[in-house]
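The data block below is structure-v3.txt; it holds compact mmCIF, C-alpha atoms (C1' of nucleotides).
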```txt
# COMPACT_ATOMS: atom_id res chain seq x y z
CA MET A 1 -30.02 -24.02 7.05
CA GLU A 2 -29.71 -20.28 7.18
CA SER A 3 -26.53 -18.57 6.01
CA LEU A 4 -25.82 -17.07 9.42
CA GLU A 5 -26.10 -20.48 11.05
CA ARG A 6 -23.83 -21.97 8.39
CA ILE A 7 -21.20 -19.33 8.97
CA GLY A 8 -21.26 -20.00 12.72
CA LYS A 9 -20.92 -23.74 12.16
CA MET A 10 -18.14 -23.26 9.63
CA HIS A 11 -16.27 -21.07 12.10
CA SER A 12 -16.49 -23.61 14.91
CA LEU A 13 -15.37 -26.45 12.61
CA LEU A 14 -12.40 -24.41 11.43
CA LEU A 15 -11.47 -23.44 14.98
CA GLU A 16 -11.54 -27.10 15.89
CA ARG A 17 -9.19 -27.88 13.02
CA TYR A 18 -6.71 -25.00 13.06
CA GLY A 19 -7.09 -23.38 16.48
CA ASP A 20 -6.71 -19.71 17.25
CA LEU A 21 -4.34 -18.21 14.66
CA GLU A 22 -2.01 -15.25 14.84
CA TRP A 23 -2.62 -14.01 11.33
CA TRP A 24 -0.70 -10.81 10.69
CA PRO A 25 2.84 -11.10 12.04
CA ALA A 26 3.90 -7.47 12.51
CA ASP A 27 5.67 -5.50 15.22
CA THR A 28 3.80 -2.26 14.53
CA PRO A 29 0.61 -1.07 12.79
CA ASP A 30 2.84 0.74 10.27
CA GLU A 31 4.30 -2.63 9.36
CA VAL A 32 0.79 -3.97 8.71
CA VAL A 33 0.02 -1.14 6.26
CA ILE A 34 3.34 -1.62 4.48
CA GLY A 35 2.77 -5.38 4.34
CA SER A 36 -0.76 -4.93 3.00
CA ILE A 37 0.60 -3.29 -0.16
CA LEU A 38 3.61 -5.57 -0.51
CA THR A 39 1.58 -8.76 -0.18
CA GLN A 40 -0.69 -7.98 -3.14
CA ASN A 41 -0.59 -11.08 -5.34
CA THR A 42 2.60 -12.15 -3.60
CA SER A 43 3.51 -14.89 -1.13
CA TRP A 44 4.17 -13.76 2.43
CA THR A 45 7.71 -15.19 2.45
CA ASN A 46 8.68 -12.69 -0.25
CA VAL A 47 7.10 -9.87 1.73
CA GLU A 48 9.05 -10.82 4.86
CA LYS A 49 12.31 -10.28 3.01
CA CYS A 50 11.26 -6.75 2.09
CA ILE A 51 10.14 -5.94 5.63
CA LEU A 52 13.51 -7.14 6.89
CA ASN A 53 15.24 -4.97 4.29
CA LEU A 54 13.24 -1.93 5.35
CA LYS A 55 14.05 -2.57 9.01
CA LYS A 56 17.75 -2.90 8.27
CA ASN A 57 17.63 0.50 6.58
CA ASN A 58 15.51 1.97 9.36
CA MET A 59 12.74 2.64 6.83
CA CYS A 60 9.94 0.46 8.15
CA SER A 61 7.53 3.25 9.04
CA LEU A 62 5.03 5.35 7.10
CA MET A 63 6.78 8.54 8.16
CA ALA A 64 10.11 7.30 6.81
CA ILE A 65 8.59 6.02 3.55
CA SER A 66 6.66 9.25 3.03
CA GLY A 67 10.01 11.02 2.69
CA MET A 68 11.39 8.59 0.12
CA LYS A 69 11.33 8.66 -3.66
CA ARG A 70 9.94 5.72 -5.61
CA GLU A 71 13.41 5.02 -7.02
CA GLU A 72 14.84 4.81 -3.50
CA LEU A 73 12.15 2.48 -2.17
CA ALA A 74 11.89 0.12 -5.16
CA PRO A 75 15.23 -1.68 -4.65
CA LEU A 76 14.38 -2.35 -1.00
CA ILE A 77 11.11 -4.09 -1.88
CA LYS A 78 12.25 -5.89 -5.01
CA SER A 79 11.58 -9.41 -3.75
CA SER A 80 7.87 -8.71 -3.36
CA GLY A 81 7.50 -8.41 -7.14
CA PHE A 82 5.78 -5.53 -9.01
CA TYR A 83 8.28 -3.40 -7.11
CA ASN A 84 8.06 -0.24 -9.21
CA GLN A 85 4.28 -0.16 -8.95
CA LYS A 86 4.27 -1.04 -5.24
CA ALA A 87 6.97 1.54 -4.44
CA GLU A 88 4.95 4.30 -6.07
CA ARG A 89 1.74 3.26 -4.31
CA LEU A 90 3.39 2.80 -0.93
CA VAL A 91 5.03 6.24 -1.02
CA ASP A 92 1.73 7.80 -2.08
CA LEU A 93 -0.24 6.01 0.65
CA SER A 94 2.34 6.94 3.31
CA ILE A 95 2.26 10.60 2.31
CA LYS A 96 -1.54 10.71 2.38
CA ILE A 97 -1.83 8.99 5.77
CA THR A 98 0.87 11.07 7.48
CA ASP A 99 -0.41 14.31 5.95
CA ARG A 100 -3.98 13.73 7.00
CA TYR A 101 -3.71 11.79 10.28
CA PHE A 102 -0.02 12.03 11.20
CA THR A 103 -0.02 8.61 12.89
CA LEU A 104 -2.05 5.39 12.61
CA GLU A 105 -2.94 5.77 16.27
CA LYS A 106 -4.71 9.04 15.49
CA MET A 107 -6.17 7.55 12.34
CA SER A 108 -7.70 4.66 14.31
CA GLY A 109 -9.72 7.16 16.32
CA GLN A 110 -11.79 8.04 13.23
CA PRO A 111 -15.08 6.32 12.33
CA VAL A 112 -14.91 3.42 9.87
CA GLU A 113 -17.02 5.24 7.26
CA GLU A 114 -14.55 8.10 7.05
CA LEU A 115 -11.57 5.76 6.91
CA GLU A 116 -13.19 3.75 4.11
CA ALA A 117 -13.84 6.87 2.08
CA PHE A 118 -10.26 7.98 2.60
CA LEU A 119 -8.65 4.63 1.76
CA GLU A 120 -10.89 4.11 -1.29
CA SER A 121 -9.52 7.34 -2.72
CA VAL A 122 -5.93 6.09 -2.60
CA LYS A 123 -4.69 4.50 -5.81
CA GLY A 124 -3.45 0.97 -5.25
CA VAL A 125 -5.68 0.36 -2.25
CA GLY A 126 -8.42 -1.99 -3.39
CA ARG A 127 -11.11 -3.71 -1.38
CA GLU A 128 -9.01 -6.40 0.27
CA THR A 129 -6.10 -4.10 1.06
CA MET A 130 -8.45 -1.53 2.58
CA ASP A 131 -10.20 -4.09 4.77
CA SER A 132 -6.86 -5.57 5.87
CA ILE A 133 -5.65 -2.13 6.94
CA LEU A 134 -8.92 -1.41 8.77
CA ALA A 135 -8.90 -4.74 10.61
CA TYR A 136 -5.25 -5.46 11.30
CA ALA A 137 -3.64 -1.99 11.49
CA LEU A 138 -6.54 0.08 12.85
CA ASP A 139 -8.34 -2.58 14.92
CA LYS A 140 -11.73 -2.01 13.30
CA SER A 141 -14.46 -4.67 13.28
CA VAL A 142 -14.20 -5.50 9.60
CA PHE A 143 -14.15 -8.90 7.88
CA VAL A 144 -11.59 -9.29 5.10
CA VAL A 145 -12.95 -11.10 2.03
CA ASP A 146 -10.26 -12.55 -0.20
CA LYS A 147 -10.43 -14.96 -3.13
CA TYR A 148 -10.21 -18.01 -0.86
CA THR A 149 -13.21 -16.77 1.10
CA VAL A 150 -15.26 -16.29 -2.08
CA ARG A 151 -14.26 -19.75 -3.32
CA ILE A 152 -15.06 -21.47 -0.02
CA PHE A 153 -18.40 -19.71 0.43
CA SER A 154 -19.40 -20.63 -3.08
CA ARG A 155 -18.50 -24.30 -2.47
CA LEU A 156 -20.47 -24.31 0.72
CA GLY A 157 -23.45 -23.08 -1.24
CA ILE A 158 -23.85 -20.06 1.00
CA GLU A 159 -25.91 -17.55 -0.95
CA THR A 160 -23.82 -14.55 -1.79
CA GLY A 161 -25.97 -12.71 -4.33
CA ALA A 162 -24.78 -10.54 -7.19
CA HIS A 163 -22.25 -8.45 -5.26
CA GLU A 164 -20.59 -11.43 -3.67
CA ILE A 165 -17.82 -9.65 -1.75
CA ASP A 166 -20.24 -7.21 -0.12
CA SER A 167 -22.74 -9.97 0.55
CA ILE A 168 -20.17 -12.22 2.23
CA LYS A 169 -18.77 -9.34 4.22
CA ASN A 170 -22.18 -8.26 5.46
CA ALA A 171 -23.31 -11.80 6.25
CA VAL A 172 -20.19 -12.60 8.26
CA GLU A 173 -20.20 -9.31 10.12
CA LYS A 174 -23.87 -9.89 10.91
CA SER A 175 -23.17 -13.44 12.04
CA VAL A 176 -20.11 -12.68 14.16
CA GLY A 177 -21.20 -9.27 15.41
CA ASN A 178 -18.92 -6.43 16.37
CA ASN A 179 -16.10 -8.65 17.59
CA CYS A 180 -12.88 -7.57 15.93
CA ASP A 181 -10.79 -10.50 17.19
CA ILE A 182 -13.23 -13.12 15.92
CA LEU A 183 -13.51 -11.42 12.52
CA LYS A 184 -9.74 -11.34 12.18
CA ASN A 185 -9.39 -14.95 13.26
CA LEU A 186 -12.11 -16.19 10.90
CA HIS A 187 -10.36 -14.57 7.94
CA ALA A 188 -7.12 -16.27 8.97
CA LEU A 189 -8.86 -19.64 9.33
CA LEU A 190 -10.40 -19.36 5.86
CA VAL A 191 -7.05 -18.56 4.28
CA TYR A 192 -5.44 -21.54 6.01
CA LEU A 193 -8.26 -23.74 4.76
CA GLY A 194 -7.98 -22.25 1.29
CA LYS A 195 -4.22 -22.74 1.11
CA ASP A 196 -4.60 -26.34 2.23
CA HIS A 197 -7.54 -27.40 0.13
CA CYS A 198 -9.00 -24.91 -2.30
CA ARG A 199 -6.24 -24.20 -4.78
CA THR A 200 -7.63 -26.51 -7.43
CA LYS A 201 -11.08 -26.67 -8.92
CA PRO A 202 -12.10 -30.28 -8.23
CA LEU A 203 -12.36 -30.76 -4.52
CA CYS A 204 -9.64 -32.97 -3.11
CA ARG A 205 -10.49 -36.04 -1.05
CA ASP A 206 -10.70 -35.52 2.70
CA CYS A 207 -11.19 -31.82 2.13
CA PRO A 208 -12.62 -30.22 5.23
CA VAL A 209 -14.82 -28.14 2.96
CA ASN A 210 -16.37 -31.41 1.84
CA SER A 211 -16.93 -32.50 5.41
CA ILE A 212 -18.58 -29.19 6.18
CA CYS A 213 -20.77 -29.58 3.07
CA ASN A 214 -21.64 -33.12 4.13
CA TYR A 215 -22.60 -31.86 7.53
CA TYR A 216 -25.05 -29.49 5.91
CA ALA A 217 -26.37 -32.14 3.56
CA THR A 218 -26.93 -34.83 6.19
CA ALA A 219 -27.76 -32.97 9.36
CA HIS A 220 -29.38 -29.92 7.81
CA PRO A 221 -30.80 -30.78 4.38
C1' DG B 1 9.85 -24.57 -17.28
C1' DG B 2 5.28 -23.61 -15.69
C1' DC B 3 2.25 -22.27 -12.15
C1' DC B 4 0.86 -19.69 -8.29
C1' DA B 5 1.12 -16.27 -4.52
C1' DG B 6 -2.42 -12.93 1.73
C1' DG B 7 -4.43 -7.60 -5.72
C1' DA B 8 -5.36 -3.59 -8.22
C1' DC B 9 -6.04 -1.03 -12.21
C1' DA B 10 -6.37 0.33 -17.12
C1' DC B 11 -8.32 -0.71 -21.28
C1' DC B 12 -11.57 -2.58 -24.50
C1' DA B 13 -15.80 -4.46 -26.50
C1' DT C 1 -20.39 -4.75 -16.86
C1' DG C 2 -17.27 -8.42 -17.64
C1' DG C 3 -13.08 -10.16 -19.55
C1' DT C 4 -8.13 -9.55 -20.37
C1' DG C 5 -3.42 -7.70 -20.03
C1' DT C 6 0.09 -5.69 -17.02
C1' DC C 7 2.93 -5.28 -13.15
C1' DA C 8 7.59 -9.17 -11.60
C1' DT C 9 9.99 -11.89 -7.88
C1' DG C 10 10.59 -16.37 -5.66
C1' DG C 11 9.25 -21.10 -4.16
C1' DC C 12 7.77 -25.56 -5.48
```
Once more with this new file: its structure as structure tokens, please.
Amino acid sequence: MESLERIGKMHSLLLERYGDLEWWPADTPDEVVIGSILTQNTSWTNVEKCILNLKKNNMCSLMAISGMKREELAPLIKSSGFYNQKAERLVDLSIKITDRYFTLEKMSGQPVEELEAFLESVKGVGRETMDSILAYALDKSVFVVDKYTVRIFSRLGIETGAHEIDSIKNAVEKSVGNNCDILKNLHALLVYLGKDHCRTKPLCRDCPVNSICNYYATAHP
DNA sequence: GGCCAGGACACCA
DNA sequence: TGGTGTCATGGC
């Protein structure tokens, strides 16, 4: 069975199981960018506390954060962990975005290649954070590959090659096409699956990943 | 009390 | 190039 076909089948099985998910709960695109830094290696419940804190202080926008000092921001985002590091990176990112594009609305009008080059140059914005910003804040047709996705693809035996993140990203984008909503939803579905079933090495019983693997083995050897 | 969470980066061999 | 340490809070 070809990888593209597998990805399509996996997507339909996951949709069947979890439905259409609202993945990034945010009131504004600015909130998505802020959340993308705060959520690094941190559970979303901790991030929500920080977002609430920022809103209470009327600081939940890139423009507001770009005018803050690291020492001012850090206490407001303490519950997300790594708060000193995240405060510094968030202020820096906010300054760079507002200086160059002024607003995310204007930023979203730029081609993906330029946005990637820009975001890659910002310290603290790695691959996953960049793709999350592109997809969920700027509405670009980009698939976010996180550690759950890598783990699940490897268990499904979908060939990913040496540069696995790039390979998965390209394969999924090729399979799904230029449909931003589907790409966003598939990422959400994979994280839900990963949270439920792929936290430990040995596969658990009744794992849907197993049933997907079995489907491949029996129907498409 | 230990492990993990919607990562990224610096450093070292 | 790949492995390891660091950043740190909060829930289970």
Residues of chain C no more than 8 Å from chain A, counting all atoms listed in the file: send them over as a PyMOL selection string.
-> chain C and resi 7-10
File of the preceding selection, C-alpha atoms (C1' of nucleotides), as a compact mmCIF listing (two decimals), keeping the file's coordinate frame:
```txt
# COMPACT_ATOMS: atom_id res chain seq x y z
C1' DC C 7 2.93 -5.28 -13.15
C1' DA C 8 7.59 -9.17 -11.60
C1' DT C 9 9.99 -11.89 -7.88
C1' DG C 10 10.59 -16.37 -5.66
```
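The interface of chain B with chain A at 10 Å, considering only C-alpha atoms (C1' of nucleotides), consists of DC4, DA5, DG6, DG7, DA8 and DC9 of chain B.
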Let me know the centre plus edge lengths, in Å and rounded to one decimal, of a box with edges along x, y and z that contains all listed atoms of range 143-161 of chain A and is padded by 4 Å on every side, as AutoDock Vina command-line options.
```
--center_x -18.1 --center_y -16.6 --center_z 1.8 --size_x 23.8 --size_y 23.4 --size_z 20.2
```
Provide the CA of Ser3 in chain A to CA of Ala171 in chain A distance in Å, to one decimal place.
->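 We find that CA of Ser3 in chain A and CA of Ala171 in chain A lie 7.5 Å from each other.
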Name all residues at most 10 Å from range 163-169 of chain A (count all atoms listed in the file; drop same-chain ones fewer than 5 positions away) and give them as a PyMOL selection string.
-> chain A and resi 3+7+127-128+142-147+149-150+153-154+158+174-175
Suppose you want the space between CA of Val122 in chain A and CA of Lys55 in chain A; what is it in Å?
-> 24.7 Å
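Between CA of Glu71 in chain A and CA of Glu120 in chain A the separation is 25.0 Å.
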